[in-house]
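**Q** Shown below is the structure under consideration.
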Amino acid sequence: MGDPFIRHIALLGYEKRFVPSQHYVYMFLVKWQDLSEKVVYRRFTEIYEFHKILKEMFPIEAGDINPDNRIIPHLPAPRWFDGQRTAQSRQGTLAEYCSALMGLPTKISRCPHLLDFFKVRPDDLKLPTDSEAKKPETYLIPKDGKPNTADITGPIILQTYCAIADYQKSSGSEMALAAGDVVEVVEKNESGWWFCQMKVKRGWVPASYLEPLDSPDEAEDPEPNYAGEPYVTIKAYTAVEEDEVSLGEGETIEVIHKLLDGWWVIRKEDVTGYFPSMYLQKSGQDLAEAKLQIKSRGAPPRRSSIRNAQSIHQRSRKRLSQDTYRRNSVRFLQQRRRQARPGPQGAVAPLQEQPQAERPKPQPAVPPRPSADLILHRCSESTKRKLASAV
């Protein structure tokens with residue numbers, strides 16, 4: 001049947017998503033050599049990184065040696081959703097870019113880098129759940145190519161954050177910061193690296209160096225999930241601070257709290273602690289892409305390691321302590337074990353088991369009661385002031 005290759009790539013439109021934070025993905029219809037058609041979703045930051053690597057792989061065709069020899073299409077630097085017109089013009093640019101890619105020599109258009117980028121990923125198959133407060137908003141390209149006025153929603157407002165300390169970039173894809181700089185966050189990656197823009201500069205910044213300009217008491221991080229999600233470590237890490245966990249490569253753990261700064265709380269048996277999310281991959285997924293990301297950028301620094309941090313807020317949000325995580329985790333595990341203890345119906349009872357009448361009935365699992373620290377952490381500033389005045 002021959003090696004797989006792509007016959008055609010068509011841009012369908014883009015989606016506005018709200019989980020884990022507001023971001024945009026572009027929808028592509030990819031037609032393969034066997035005439036199968038797959039829909040894939042890619043962020044513009046991913047497309048731009050793909051483009052840069054492609055140029056590095058083919059420097060002659062990219063015009064790095066002689067500009068007259070360039071055949072790889074140009075992809076302008078991102079302007080990052082300045083408004084609806086920008087989003088629409090970017091769609092036209094991407095459509096032309098994909099068409100030009102398919103017209104390149106086969107050593108480029110059928111290279112593993114291009115094929116792997118447009119392969120279907122597990123995230124491409126996920127559907128929005130009913131628990132999501134806001135469903136993704138889809139904007140399709142009209143068949144006649146003319147913009148649909150019903151799709152125009154006005155300028156897109158990006159979240160604004162302030163740098164709490166100076167940050168010196170360590171690679172060309174990052175952006176240096178000075179304390180007090182105000183940036184707009186374009187993408188909040190789970191790794192803890194956020195893509196930001198500031199005037200004419202743009203690049204990746206550690207989330208730990210940023211804090212929101214307004215609503216500092218409003219929790220951005222999701223709630224802990226003590227049921228845990230299975231992950232595998234793809235790189236060994238040795239704990240630097242007491243509340244971190246040391247693990248070797250290939251160990252299976254459970255993630256119980258996904259924090260936006262890229263340092264997740266994980267559970268290994270009854271032990272909990274912080275671990276860099278960049279060194280984790282969900283069980284059953286391909287590890288090659290995740291390991292490639294580690295090579296390009298390391299784990300972001302933790303907030304506790306930043307010297308001379310200057311918060312613009314009098315009161316910053318307090319995080320849960322590891323004692324609280326362990327206590328709630330142990331309670332959940334105990335309840336889960338009690339629930340699973342009764343045997344299936346019809347099983348032979350042990351000799352020393354209690355009589356049937358005295359056997360305790362299995363109880364439904366009840367989530368652990370939140371501690372006073374957690375309640376105070378989640379309540380609004382107004383409630384905190386009332387509590388303070390009452391005392």
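Each chain of the structure tokens is named A, B, ... in the order shown, its residues numbered from 1; ligands are numbered from 1 in display order.
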Give me the residues within 9 Å of range 194-203 of chain A as a ChimeraX atom specification, counting only C-alpha atoms and dropping any in the same chain fewer than 6 places off.
**A** /A:45,78-80,172-176,181-188,261
**Q** Would you put the residues from that selection into a file with C-alpha atoms, as a tab-separated table (two decimals), in the first residue's frame?
**A**
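New file result_35.tsv:
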```tsv
chain	number	residue	atom	x	y	z
A	45	THR	CA	1.70	28.63	18.48
A	78	PRO	CA	1.78	36.10	15.20
A	79	ARG	CA	-0.19	39.26	15.94
A	80	TRP	CA	-2.30	37.31	18.44
A	172	GLY	CA	15.13	32.76	21.57
A	173	SER	CA	11.51	31.62	21.97
A	174	GLU	CA	11.22	33.16	25.45
A	175	MET	CA	10.59	36.80	26.42
A	176	ALA	CA	12.54	38.74	29.04
A	181	ASP	CA	5.89	44.87	33.10
A	182	VAL	CA	2.29	44.40	31.97
A	183	VAL	CA	1.72	41.63	29.43
A	184	GLU	CA	-1.23	40.06	27.63
A	185	VAL	CA	-1.49	36.29	27.93
A	186	VAL	CA	-2.32	34.57	24.65
A	187	GLU	CA	-1.97	30.93	25.66
A	188	LYS	CA	-1.76	29.22	29.04
A	261	ASP	CA	2.10	27.28	36.96
```
**Q** Skip Cys111 in chain A itself and residues of its chain fewer than 6 positions away, then list as a list in words all residues within 10 Å of it, counting only C-alpha atoms.
**A**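 Result of the neighbour search: Phe5, Leu54, Met57 and Pro105 of chain A.
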**Q** For N, CA, C and O atoms, I'd like the residues from the last selection saved as a tab-separated table (two decimals), in the first residue's frame.
**A**
```tsv
chain	number	residue	atom	x	y	z
A	5	PHE	N	0.89	9.36	3.00
A	5	PHE	CA	1.18	10.76	2.70
A	5	PHE	C	-0.14	11.52	2.67
A	5	PHE	O	-1.23	10.94	2.66
A	54	LEU	N	10.56	23.17	10.43
A	54	LEU	CA	10.60	22.79	9.01
A	54	LEU	C	11.70	23.56	8.29
A	54	LEU	O	12.43	23.01	7.46
A	57	MET	N	15.06	22.14	9.11
A	57	MET	CA	15.32	20.86	8.47
A	57	MET	C	15.74	21.03	7.00
A	57	MET	O	16.51	20.22	6.48
A	105	PRO	N	8.18	19.97	-3.01
A	105	PRO	CA	8.70	18.65	-3.38
A	105	PRO	C	8.36	17.60	-2.33
A	105	PRO	O	8.20	17.92	-1.15
```
**Q** Separation of CA of Ala227 in chain A and CA of Ile256 in chain A, in Å?
**A**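 Between CA of Ala227 in chain A and CA of Ile256 in chain A the gap works out to 6.9 Å.
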**Q** For a test of reading the model, state the distance in Å between CA of Pro122 in chain A and CA of Val25 in chain A, rounded to one decimal.
**A** 15.0 Å
**Q** I need the strand (DSSP E) residues of range 28-138 of chain A per DSSP on the backbone, written as a VMD selection string.
**A** chain A and resid 28 to 32 37 to 42 137 to 138
**Q** Pick from A:Glu242, A:Arg43, A:Met27, A:Lys119: nearest to Ile141 in chain A, with only C-alpha atoms counted?
**A**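 Checking each candidate against Ile141 in chain A, we get A:Met27 as the closest.
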**Q** What does the structure give for the distance between CA of Val240 in chain A and CA of Leu259 in chain A, in Å to one decimal?
**A**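 Computing it gives 18.4 Å between the two atoms.
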**Q** Quick one: of A:Ile60, A:Ala179, A:Val40, A:Ala236, who's nearest to Tyr14 in chain A, counting only C-alpha atoms?
**A** A:Val40
**Q** Looking at A:Glu46, A:Leu94, A:Val120, A:Gln22, which one is nearest to Gln159 in chain A, with distances taken over only C-alpha atoms?
**A** A:Gln22
**Q** Tell me which protein, DNA and RNA residues are within 12 Å of Gly250 in chain A, counting only C-alpha atoms, leaving out same-chain ones fewer than 3 positions away, and put them as a ChimeraX atom specification.
**A** /A:231-237,247,253,279-283,287
**Q** For all heavy atoms, I'd like the residues from the last selection saved as a short mmCIF file (atom, residue, chain, number, x, y, z; two decimals), in the first residue's frame.
**A**
```
data_model
loop_
_atom_site.label_atom_id
_atom_site.label_comp_id
_atom_site.auth_asym_id
_atom_site.auth_seq_id
_atom_site.Cartn_x
_atom_site.Cartn_y
_atom_site.Cartn_z
N TYR A 231 -0.77 9.04 35.29
CA TYR A 231 0.27 9.60 34.43
C TYR A 231 1.55 8.79 34.60
O TYR A 231 1.70 8.05 35.57
CB TYR A 231 0.55 11.07 34.79
CG TYR A 231 -0.38 12.06 34.13
CD1 TYR A 231 -1.68 12.24 34.60
CD2 TYR A 231 0.03 12.84 33.06
CE1 TYR A 231 -2.54 13.16 34.01
CE2 TYR A 231 -0.82 13.76 32.46
CZ TYR A 231 -2.10 13.92 32.95
OH TYR A 231 -2.94 14.83 32.34
N VAL A 232 2.46 8.95 33.64
CA VAL A 232 3.75 8.28 33.67
C VAL A 232 4.85 9.34 33.59
O VAL A 232 4.74 10.29 32.80
CB VAL A 232 3.90 7.28 32.50
CG1 VAL A 232 5.27 6.64 32.51
CG2 VAL A 232 2.82 6.22 32.58
N THR A 233 5.89 9.19 34.39
CA THR A 233 7.01 10.12 34.33
C THR A 233 7.86 9.81 33.10
O THR A 233 8.20 8.67 32.84
CB THR A 233 7.88 10.03 35.60
OG1 THR A 233 8.36 8.68 35.74
CG2 THR A 233 7.06 10.38 36.83
N ILE A 234 8.19 10.85 32.33
CA ILE A 234 9.01 10.66 31.13
C ILE A 234 10.41 11.20 31.34
O ILE A 234 11.25 11.12 30.43
CB ILE A 234 8.36 11.35 29.91
CG1 ILE A 234 8.16 12.84 30.17
CG2 ILE A 234 7.05 10.68 29.56
CD1 ILE A 234 7.62 13.60 28.97
N LYS A 235 10.68 11.75 32.52
CA LYS A 235 12.02 12.21 32.86
C LYS A 235 12.16 12.18 34.37
O LYS A 235 11.23 12.53 35.09
CB LYS A 235 12.28 13.62 32.32
CG LYS A 235 13.70 14.11 32.57
CD LYS A 235 13.94 15.48 31.96
CE LYS A 235 15.36 15.95 32.23
NZ LYS A 235 15.63 17.29 31.64
N ALA A 236 13.32 11.77 34.85
CA ALA A 236 13.57 11.71 36.29
C ALA A 236 13.71 13.13 36.84
O ALA A 236 14.18 14.04 36.15
CB ALA A 236 14.83 10.90 36.58
N TYR A 237 13.30 13.30 38.10
CA TYR A 237 13.42 14.60 38.76
C TYR A 237 13.76 14.37 40.22
O TYR A 237 13.15 13.52 40.89
CB TYR A 237 12.12 15.40 38.65
CG TYR A 237 12.17 16.70 39.42
CD1 TYR A 237 12.88 17.80 38.93
CD2 TYR A 237 11.52 16.83 40.65
CE1 TYR A 237 12.93 18.99 39.63
CE2 TYR A 237 11.57 18.02 41.36
CZ TYR A 237 12.28 19.09 40.85
OH TYR A 237 12.33 20.27 41.56
N LEU A 247 11.25 11.37 41.64
CA LEU A 247 10.78 10.20 40.91
C LEU A 247 11.75 9.88 39.78
O LEU A 247 12.39 10.79 39.22
CB LEU A 247 9.38 10.43 40.32
CG LEU A 247 8.22 10.55 41.31
CD1 LEU A 247 6.95 10.96 40.57
CD2 LEU A 247 8.00 9.26 42.07
N ILE A 253 2.16 7.38 38.42
CA ILE A 253 1.65 8.16 39.56
C ILE A 253 0.23 8.63 39.25
O ILE A 253 -0.31 8.38 38.17
CB ILE A 253 2.57 9.36 39.87
CG1 ILE A 253 2.77 10.23 38.59
CG2 ILE A 253 3.92 8.88 40.37
CD1 ILE A 253 1.79 11.33 38.39
N TYR A 279 7.36 16.86 32.86
CA TYR A 279 7.98 15.54 32.93
C TYR A 279 6.94 14.43 33.10
O TYR A 279 7.28 13.32 33.48
CB TYR A 279 8.96 15.49 34.10
CG TYR A 279 10.08 16.50 34.01
CD1 TYR A 279 10.85 16.82 35.11
CD2 TYR A 279 10.37 17.15 32.81
CE1 TYR A 279 11.89 17.75 35.03
CE2 TYR A 279 11.38 18.08 32.72
CZ TYR A 279 12.14 18.38 33.83
OH TYR A 279 13.15 19.30 33.75
N LEU A 280 5.68 14.75 32.80
CA LEU A 280 4.60 13.78 32.92
C LEU A 280 3.89 13.62 31.58
O LEU A 280 3.77 14.58 30.81
CB LEU A 280 3.59 14.22 33.99
CG LEU A 280 4.10 14.30 35.43
CD1 LEU A 280 3.04 14.93 36.33
CD2 LEU A 280 4.49 12.93 35.95
N GLN A 281 3.40 12.43 31.34
CA GLN A 281 2.60 12.16 30.16
C GLN A 281 1.47 11.23 30.55
O GLN A 281 1.67 10.29 31.33
CB GLN A 281 3.45 11.52 29.05
CG GLN A 281 2.69 11.18 27.78
CD GLN A 281 2.37 12.42 26.94
OE1 GLN A 281 2.63 13.53 27.36
NE2 GLN A 281 1.82 12.22 25.76
N LYS A 282 0.27 11.51 30.05
CA LYS A 282 -0.89 10.69 30.40
C LYS A 282 -0.66 9.25 29.95
O LYS A 282 -0.13 8.99 28.87
CB LYS A 282 -2.15 11.26 29.76
CG LYS A 282 -3.43 10.58 30.19
CD LYS A 282 -4.67 11.37 29.79
CE LYS A 282 -4.80 12.63 30.63
NZ LYS A 282 -6.09 13.32 30.38
N SER A 283 -1.04 8.33 30.80
CA SER A 283 -0.83 6.91 30.52
C SER A 283 -1.49 6.51 29.21
O SER A 283 -2.63 6.89 28.93
CB SER A 283 -1.39 6.06 31.66
OG SER A 283 -0.73 6.35 32.88
N LEU A 287 4.89 9.04 23.84
CA LEU A 287 5.84 9.80 24.65
C LEU A 287 6.80 10.62 23.80
O LEU A 287 7.48 11.51 24.32
CB LEU A 287 6.66 8.84 25.53
CG LEU A 287 5.87 7.90 26.45
CD1 LEU A 287 6.84 7.06 27.27
CD2 LEU A 287 4.94 8.69 27.36
#
```
**Q** Residues within 10 Å of Arg326 in chain A, please, as a PDB file with C-alpha atoms, in the first residue's frame. Count only C-alpha atoms; anything in the same chain fewer than 5 positions from it doesn't count.
**A**
```
ATOM      1  CA  TYR A 226      -8.473  13.357  44.744  1.00  0.00           C
ATOM      2  CA  ARG A 267       0.309  11.099  44.546  1.00  0.00           C
ATOM      3  CA  ASP A 270       0.153   7.715  50.162  1.00  0.00           C
ATOM      4  CA  VAL A 271       2.819  10.350  49.423  1.00  0.00           C
ATOM      5  CA  THR A 272       1.904  13.662  47.786  1.00  0.00           C
ATOM      6  CA  GLY A 273       4.055  16.534  46.525  1.00  0.00           C
ATOM      7  CA  SER A 321      -0.329  23.081  52.015  1.00  0.00           C
ATOM      8  CA  ARG A 331      -9.443  10.419  53.596  1.00  0.00           C
ATOM      9  CA  PHE A 332     -10.469   9.852  50.004  1.00  0.00           C
TER      10      PHE A 332
END
```
**Q** So that I can see what lies close to Gly13 in chain A, please list as a PyMOL selection string the residues with an atom at most 8 Å from it, counting only C-alpha atoms and leaving out residues fewer than 6 positions away in the same chain.
**A** chain A and resi 26-28+91+138-141
**Q** Tell me which protein, DNA and RNA residues are within 9 Å of Leu260 in chain A, counting only C-alpha atoms, leaving out same-chain ones fewer than 2 positions away, and put them as a list in words.
**A**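 Answer for this query is Pro20, Lys188, Asn189, Glu190, Ser191, Gly192, Trp193, Ala207, Ser208, Glu220, Asp221, Pro222, Lys258, Gly262, Trp263 and Trp264 of chain A.
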